[in-house]
$ cat model23.cif   # mmCIF, C-alpha atoms
data_run
#
loop_
_atom_site.label_atom_id
_atom_site.label_comp_id
_atom_site.auth_asym_id
_atom_site.auth_seq_id
_atom_site.Cartn_x
_atom_site.Cartn_y
_atom_site.Cartn_z
CA MET K 1 0.00 0.00 0.00
CA ASP K 2 1.50 3.30 -1.10
CA GLU K 3 0.99 5.45 0.79
CA LEU K 4 -0.97 6.05 4.00
CA GLY K 5 -0.97 9.62 5.20
CA TYR K 6 -3.10 12.40 6.59
CA VAL K 7 -5.77 12.36 3.87
CA GLU K 8 -6.38 8.60 4.09
CA THR K 9 -6.71 8.66 7.87
CA GLY K 10 -9.64 11.06 7.57
CA CYS K 11 -11.77 8.46 5.77
CA VAL K 12 -13.33 6.13 8.35
CA PRO K 13 -14.47 3.42 5.85
CA PHE K 14 -10.98 3.31 4.36
CA CYS K 15 -9.38 2.93 7.79
CA ASP K 16 -11.79 0.12 8.63
CA ALA K 17 -10.92 -1.60 5.35
CA VAL K 18 -7.21 -1.42 6.18
CA ARG K 19 -7.84 -2.89 9.63
CA SER K 20 -9.81 -5.73 8.06
CA LEU K 21 -7.04 -6.38 5.53
CA LEU K 22 -4.41 -6.57 8.25
CA GLN K 23 -6.36 -9.36 9.93
CA LYS K 24 -6.27 -11.48 6.76
CA LYS K 25 -3.07 -10.71 4.86
CA ARG K 26 0.57 -9.82 5.24
CA VAL K 27 0.76 -6.19 4.18
CA LEU K 28 3.68 -4.05 3.05
CA ALA K 29 2.66 -0.45 3.51
CA VAL K 30 4.35 2.95 3.27
CA LEU K 31 3.31 5.32 6.04
CA ARG K 32 3.98 9.02 6.15
CA GLY K 33 6.27 10.09 8.95
CA GLN K 34 3.57 11.99 10.79
CA ASN K 35 1.44 11.37 13.84
CA THR K 36 -2.27 10.78 13.46
CA PRO K 37 -4.41 8.47 15.61
CA PHE K 38 -4.73 5.94 12.75
CA LEU K 39 -1.05 5.92 11.76
CA ASP K 40 -0.01 5.68 15.42
CA GLU K 41 -2.39 2.74 15.80
CA LEU K 42 -0.80 0.92 12.85
CA ARG K 43 2.75 1.47 14.10
CA ALA K 44 1.80 0.27 17.59
CA ARG K 45 0.41 -3.08 16.44
CA LYS K 46 2.19 -6.02 18.05
CA ASP K 47 2.49 -7.77 14.68
CA ALA K 48 3.93 -4.70 12.92
CA PHE K 49 7.56 -4.55 11.84
CA VAL K 50 8.30 -0.86 11.34
CA CYS K 51 11.32 0.38 9.45
CA ASN K 52 11.91 4.13 9.58
CA LEU K 53 13.33 4.92 6.15
CA ASP K 54 14.64 8.26 7.40
CA HIS K 55 16.75 6.43 10.00
CA PRO K 56 16.56 2.72 9.11
CA LEU K 57 19.40 1.45 11.28
CA PRO K 58 20.27 2.29 14.88
CA PRO K 59 23.82 3.52 15.54
CA ILE K 60 25.45 0.20 16.38
CA GLY K 61 29.20 -0.23 16.71
CA GLY K 62 30.69 -3.32 15.09
CA VAL K 63 33.64 -5.14 16.67
CA ILE K 64 35.27 -7.74 14.40
CA MET K 65 37.01 -10.31 16.55
CA ALA K 66 40.24 -11.33 14.82
CA SER K 67 42.64 -12.04 17.68
CA GLY K 68 42.61 -15.84 17.73
CA LEU K 69 45.99 -17.55 17.55
CA GLY K 70 44.68 -20.44 15.46
CA ARG K 71 46.24 -23.15 17.63
CA ARG K 72 43.79 -25.82 16.43
CA PHE K 73 44.29 -24.67 12.85
CA GLY K 74 48.07 -24.67 13.09
CA GLY K 75 48.59 -21.00 12.22
CA ASN K 76 46.81 -17.82 11.22
CA LYS K 77 43.66 -19.20 9.61
CA LEU K 78 42.45 -15.72 8.64
CA LEU K 79 44.87 -15.66 5.71
CA SER K 80 43.87 -19.13 4.49
CA ASP K 81 42.31 -19.31 1.04
CA LEU K 82 38.62 -20.15 0.69
CA ASP K 83 37.18 -20.06 -2.81
CA GLY K 84 39.83 -17.69 -4.07
CA LYS K 85 40.25 -15.18 -1.28
CA PRO K 86 41.54 -15.00 2.31
CA LEU K 87 39.07 -16.01 5.00
CA MET K 88 39.42 -12.61 6.66
CA LYS K 89 38.05 -10.83 3.60
CA TYR K 90 34.63 -12.40 4.01
CA VAL K 91 33.83 -10.60 7.24
CA LEU K 92 35.23 -7.32 5.89
CA GLU K 93 32.87 -7.55 2.91
CA GLN K 94 29.90 -8.69 5.02
CA THR K 95 30.18 -5.76 7.43
CA GLU K 96 30.89 -2.98 4.90
CA GLY K 97 28.43 -0.13 5.47
CA VAL K 98 26.39 -1.99 8.11
CA PHE K 99 27.55 -0.24 11.27
CA ALA K 100 27.75 3.36 12.42
CA ARG K 101 31.41 2.53 13.01
CA ARG K 102 33.38 -0.71 12.94
CA VAL K 103 36.79 -1.81 14.13
CA VAL K 104 38.87 -4.94 13.69
CA VAL K 105 40.73 -6.07 16.80
CA THR K 106 43.65 -8.39 16.05
CA ARG K 107 47.02 -9.72 17.11
CA HIS K 108 48.09 -10.32 13.51
CA GLU K 109 50.12 -7.71 11.63
CA ALA K 110 48.98 -9.22 8.30
CA VAL K 111 45.38 -8.49 9.26
CA LEU K 112 46.35 -4.94 10.22
CA LEU K 113 47.92 -4.43 6.79
CA MET K 114 44.83 -5.82 5.06
CA CYS K 115 42.65 -3.36 6.98
CA GLN K 116 44.97 -0.44 6.26
CA GLU K 117 44.77 -1.21 2.54
CA GLN K 118 40.99 -0.92 2.74
CA ASN K 119 40.96 2.06 5.12
CA ILE K 120 39.30 0.04 7.88
CA ASP K 121 39.95 0.91 11.53
CA CYS K 122 42.05 -1.75 13.22
CA VAL K 123 43.54 -2.18 16.69
CA LEU K 124 46.71 -4.28 16.89
CA HIS K 125 47.52 -5.65 20.35
CA ARG K 126 49.55 -8.28 22.17
CA LEU K 127 47.19 -8.94 25.08
CA PRO K 128 46.34 -12.56 25.91
CA TRP K 129 42.63 -12.79 26.66
CA ARG K 130 39.35 -12.72 24.75
CA SER K 131 38.13 -10.20 27.30
CA ASP K 132 40.97 -7.92 26.16
CA THR K 133 39.75 -8.08 22.56
CA VAL K 134 36.20 -7.19 23.62
CA ARG K 135 37.34 -4.31 25.81
CA LEU K 136 39.70 -2.84 23.20
CA GLY K 137 36.93 -2.89 20.59
CA VAL K 138 34.39 -1.16 22.82
CA GLU K 139 36.87 1.44 24.06
CA PHE K 140 37.99 2.26 20.51
CA LEU K 141 34.43 2.71 19.25
CA ARG K 142 33.41 4.72 22.28
CA ARG K 143 36.28 7.15 21.67
CA LYS K 144 35.68 7.38 17.93
CA TYR K 145 31.96 8.01 18.30
CA GLU K 146 32.14 10.53 21.12
CA GLU K 147 31.61 13.47 18.74
CA ALA K 148 28.11 12.18 17.93
CA ASP K 149 25.26 10.67 19.90
CA ALA K 150 26.10 7.64 21.98
CA LEU K 151 26.09 4.28 20.26
CA ALA K 152 22.91 2.28 20.79
CA GLY K 153 24.85 -0.95 21.23
CA TYR K 154 27.70 -3.17 20.08
CA LEU K 155 27.67 -6.18 17.76
CA PHE K 156 30.55 -8.63 18.03
CA CYS K 157 31.23 -10.41 14.78
CA PRO K 158 33.57 -13.41 14.40
CA SER K 159 36.08 -13.36 11.59
CA ASP K 160 35.89 -17.08 10.81
CA GLN K 161 32.25 -17.51 9.71
CA PRO K 162 32.50 -17.02 5.93
CA PHE K 163 28.83 -17.73 5.18
CA LEU K 164 27.41 -15.16 7.58
CA THR K 165 25.39 -12.84 5.36
CA ARG K 166 25.00 -9.11 5.24
CA GLU K 167 21.23 -9.67 5.22
CA THR K 168 21.41 -11.42 8.58
CA LEU K 169 23.50 -8.64 10.11
CA LEU K 170 21.01 -6.04 8.88
CA THR K 171 18.15 -8.14 10.25
CA MET K 172 19.77 -8.06 13.67
CA LEU K 173 20.09 -4.27 13.56
CA LEU K 174 16.55 -3.79 12.25
CA THR K 175 15.18 -6.12 14.92
CA TYR K 176 16.92 -4.11 17.61
CA ALA K 177 15.53 -0.90 16.08
CA GLN K 178 11.98 -2.21 16.58
CA ASP K 179 12.35 -2.25 20.35
CA PRO K 180 15.66 -0.66 21.28
CA LYS K 181 15.76 -1.52 24.97
CA ILE K 182 19.24 -0.85 26.23
CA GLU K 183 19.32 -4.15 28.14
CA THR K 184 18.46 -6.28 25.08
CA ILE K 185 20.87 -8.95 23.82
CA LEU K 186 20.34 -10.44 20.35
CA ARG K 187 22.08 -13.65 19.39
CA LEU K 188 22.14 -15.46 16.05
CA SER K 189 20.83 -19.03 16.19
CA TYR K 190 19.55 -21.80 13.96
CA GLU K 191 16.88 -24.27 15.03
CA GLY K 192 17.72 -23.80 18.69
CA ARG K 193 21.49 -23.84 18.26
CA ALA K 194 22.87 -20.53 19.51
CA GLY K 195 25.99 -18.99 18.06
CA ALA K 196 27.55 -15.73 16.91
CA PRO K 197 27.34 -12.86 16.24
CA ALA K 198 25.73 -11.24 19.27
CA LEU K 199 24.43 -7.70 19.74
CA PHE K 200 24.49 -6.06 23.16
CA GLY K 201 22.41 -3.00 23.99
CA SER K 202 24.15 0.03 25.44
CA ALA K 203 23.39 -1.01 29.02
CA TYR K 204 26.24 -3.51 28.75
CA GLU K 205 28.90 -1.04 27.62
CA ASN K 206 30.72 -0.95 30.95
CA GLY K 207 30.18 -4.65 31.55
CA LEU K 208 31.81 -5.48 28.23
CA CYS K 209 34.85 -3.49 29.32
CA MET K 210 35.07 -5.29 32.65
CA LEU K 211 34.59 -8.94 31.72
CA PRO K 212 36.34 -11.53 33.89
CA GLU K 213 39.77 -12.44 32.59
CA GLY K 214 39.49 -14.75 29.59
CA LYS K 215 35.71 -14.41 29.23
CA GLY K 216 33.81 -13.07 26.23
CA GLY K 217 30.31 -11.76 25.67
CA SER K 218 28.85 -15.20 26.41
CA TRP K 219 29.56 -14.50 30.09
CA LEU K 220 26.99 -11.68 30.00
CA ILE K 221 24.58 -13.84 27.99
CA LYS K 222 24.68 -16.47 30.74
CA LYS K 223 24.33 -13.82 33.43
CA TYR K 224 21.27 -12.18 31.86
CA PRO K 225 19.40 -14.99 30.04
CA GLN K 226 16.07 -13.22 30.48
CA ASN K 227 17.28 -10.42 28.18
CA VAL K 228 18.50 -12.68 25.35
CA ARG K 229 16.52 -13.02 22.13
CA GLY K 230 17.45 -15.36 19.31
CA ILE K 231 17.58 -14.25 15.69
CA GLU K 232 17.10 -17.12 13.25
CA ALA K 233 19.89 -17.58 10.69
CA LEU K 234 19.08 -18.18 7.03
CA SER K 235 20.81 -21.57 7.19
CA GLN K 236 22.99 -23.65 9.48
CA TRP K 237 26.00 -22.65 7.38
CA GLU K 238 25.81 -19.09 8.65
CA LEU K 239 26.91 -20.40 12.05
CA GLN K 240 29.70 -22.53 10.60
CA ASP K 241 33.06 -21.38 11.91
CA ILE K 242 36.49 -22.55 10.88
CA ASP K 243 38.70 -23.85 13.67
CA THR K 244 40.65 -26.60 11.89
CA PRO K 245 41.93 -27.37 8.38
CA GLU K 246 39.15 -29.97 8.20
CA ASP K 247 36.57 -27.22 8.79
CA LEU K 248 38.08 -25.21 5.95
CA GLN K 249 37.94 -28.21 3.65
CA ALA K 250 34.32 -28.88 4.61
CA CYS K 251 33.39 -25.31 3.71
CA SER K 252 35.21 -25.56 0.39
CA THR K 253 33.45 -28.84 -0.39
CA TRP K 254 30.06 -27.33 0.45
CA ILE K 255 30.69 -24.38 -1.87
CA LYS K 256 31.46 -26.74 -4.74
CA SER K 257 28.57 -29.11 -4.05
CA ALA K 258 26.11 -26.25 -3.76
CA GLY K 259 27.29 -24.80 -7.05
CA ILE K 260 27.89 -21.35 -5.59
CA SER K 261 30.84 -19.01 -5.59
CA CYS K 262 31.86 -16.85 -2.68
CA CYS K 263 34.35 -14.88 -4.76
CA GLY K 264 33.58 -11.35 -5.65
#
$ encode --input "model23.cif" --output "structure tokens"
Amino acid sequence: MDELGYVETGCVPFCDAVRSLLQKKRVLAVLRGQNTPFLDELRARKDAFVCNLDHPLPPIGGVIMASGLGRRFGGNKLLSDLDGKPLMKYVLEQTEGVFARRVVVTRHEAVLLMCQEQNIDCVLHRLPWRSDTVRLGVEFLRRKYEEADALAGYLFCPSDQPFLTRETLLTMLLTYAQDPKIETILRLSYEGRAGAPALFGSAYENGLCMLPEGKGGSWLIKKYPQNVRGIEALSQWELQDIDTPEDLQACSTWIKSAGISCCG
């Protein structure tokens, strides 16, 4: 329906017809950005998914976790080739333009150079714990975004899930925008299997900077289970991470068997 505005809301039979339609069909409608009793009623419906085209995405900071030492892999897996390009490049492509600001946190100089070539913010460190990676990412984004409004939250994205899609990341941000409670935690899952990435509302900013030594965001997820909401992945492959050479081979085999190409 294009479009519902002030004139349409003044016609009672038309409004009743729209209400009746919404009870029977899925409806994609364009609403004017104004407040009238009828438009407010439509936006407030529990079954309504509202996307504000003037400000479609909340200001979420993206932290790309790239500090793993790859012990199970036998080296820096992020430079390993998958379908013609380094594994690390997948997450850089997936997250391009999604966040208000993003940063890669890594211990690998080769990853730093890759980011510098693409003008992507990157923090290089030598600290030992996963909690260090989380804290460095949040602190960097908090400093970089201080000239604007505060970030609405932080999404932590792994660097070894090559089939994670841009569409899924945007779905997570749009879902948060529907009900941006600062204590909300969104976590990607598939058929009950929870995984990464995870989005933390701004209430957890300080907590993310003060995680117990060696712990990641999952520590907060376990601490506040009542605030966690699952976001369904498009397929189980979106949750597939690469920890071993066998995982990499399995991903390569799936690409070939599915007749798809991840190059580009």
$ closest_residue --input "model23.cif" --among "K:Leu21, K:Ile185, K:Leu170, K:Cys15" --to "Pro56 of chain K" --atoms "only C-alpha atoms"
K:Leu170
$ closest_residue --input "model23.cif" --among "K:Leu127, K:Val105, K:Ala66, K:Met88" --to "Glu213 of chain K" --atoms "only C-alpha atoms"
K:Leu127
$ residues_around --input "model23.cif" --residues "segment 152-165 of chain K" --least-positions-apart "5" --cutoff "9 Å" --atoms "only C-alpha atoms" --output "ChimeraX atom specification"
/K:58-66,77-78,82,87-92,94-95,99,134,137-138,141,170,173,180,182,186,196-205,217,233-234,237-243,251,262
$ resolve_selection --input "model23.cif" --expression "the PyMOL selection byres ((chain K and resi 45-53) around 10)" --output "list in words"
Leu22, Arg26, Val27, Leu28, Ala29, Val30, Leu31, Arg32, Gly33, Asp40, Glu41, Leu42, Arg43, Ala44, Asp54, His55, Pro56, Leu57, Leu174, Thr175, Ala177, Gln178 and Asp179 of chain K
$ atom_distance --input "model23.cif" --atom1 "atom CA of Cys115 of chain K" --atom2 "atom CA of Val98 of chain K"
16.4 Å
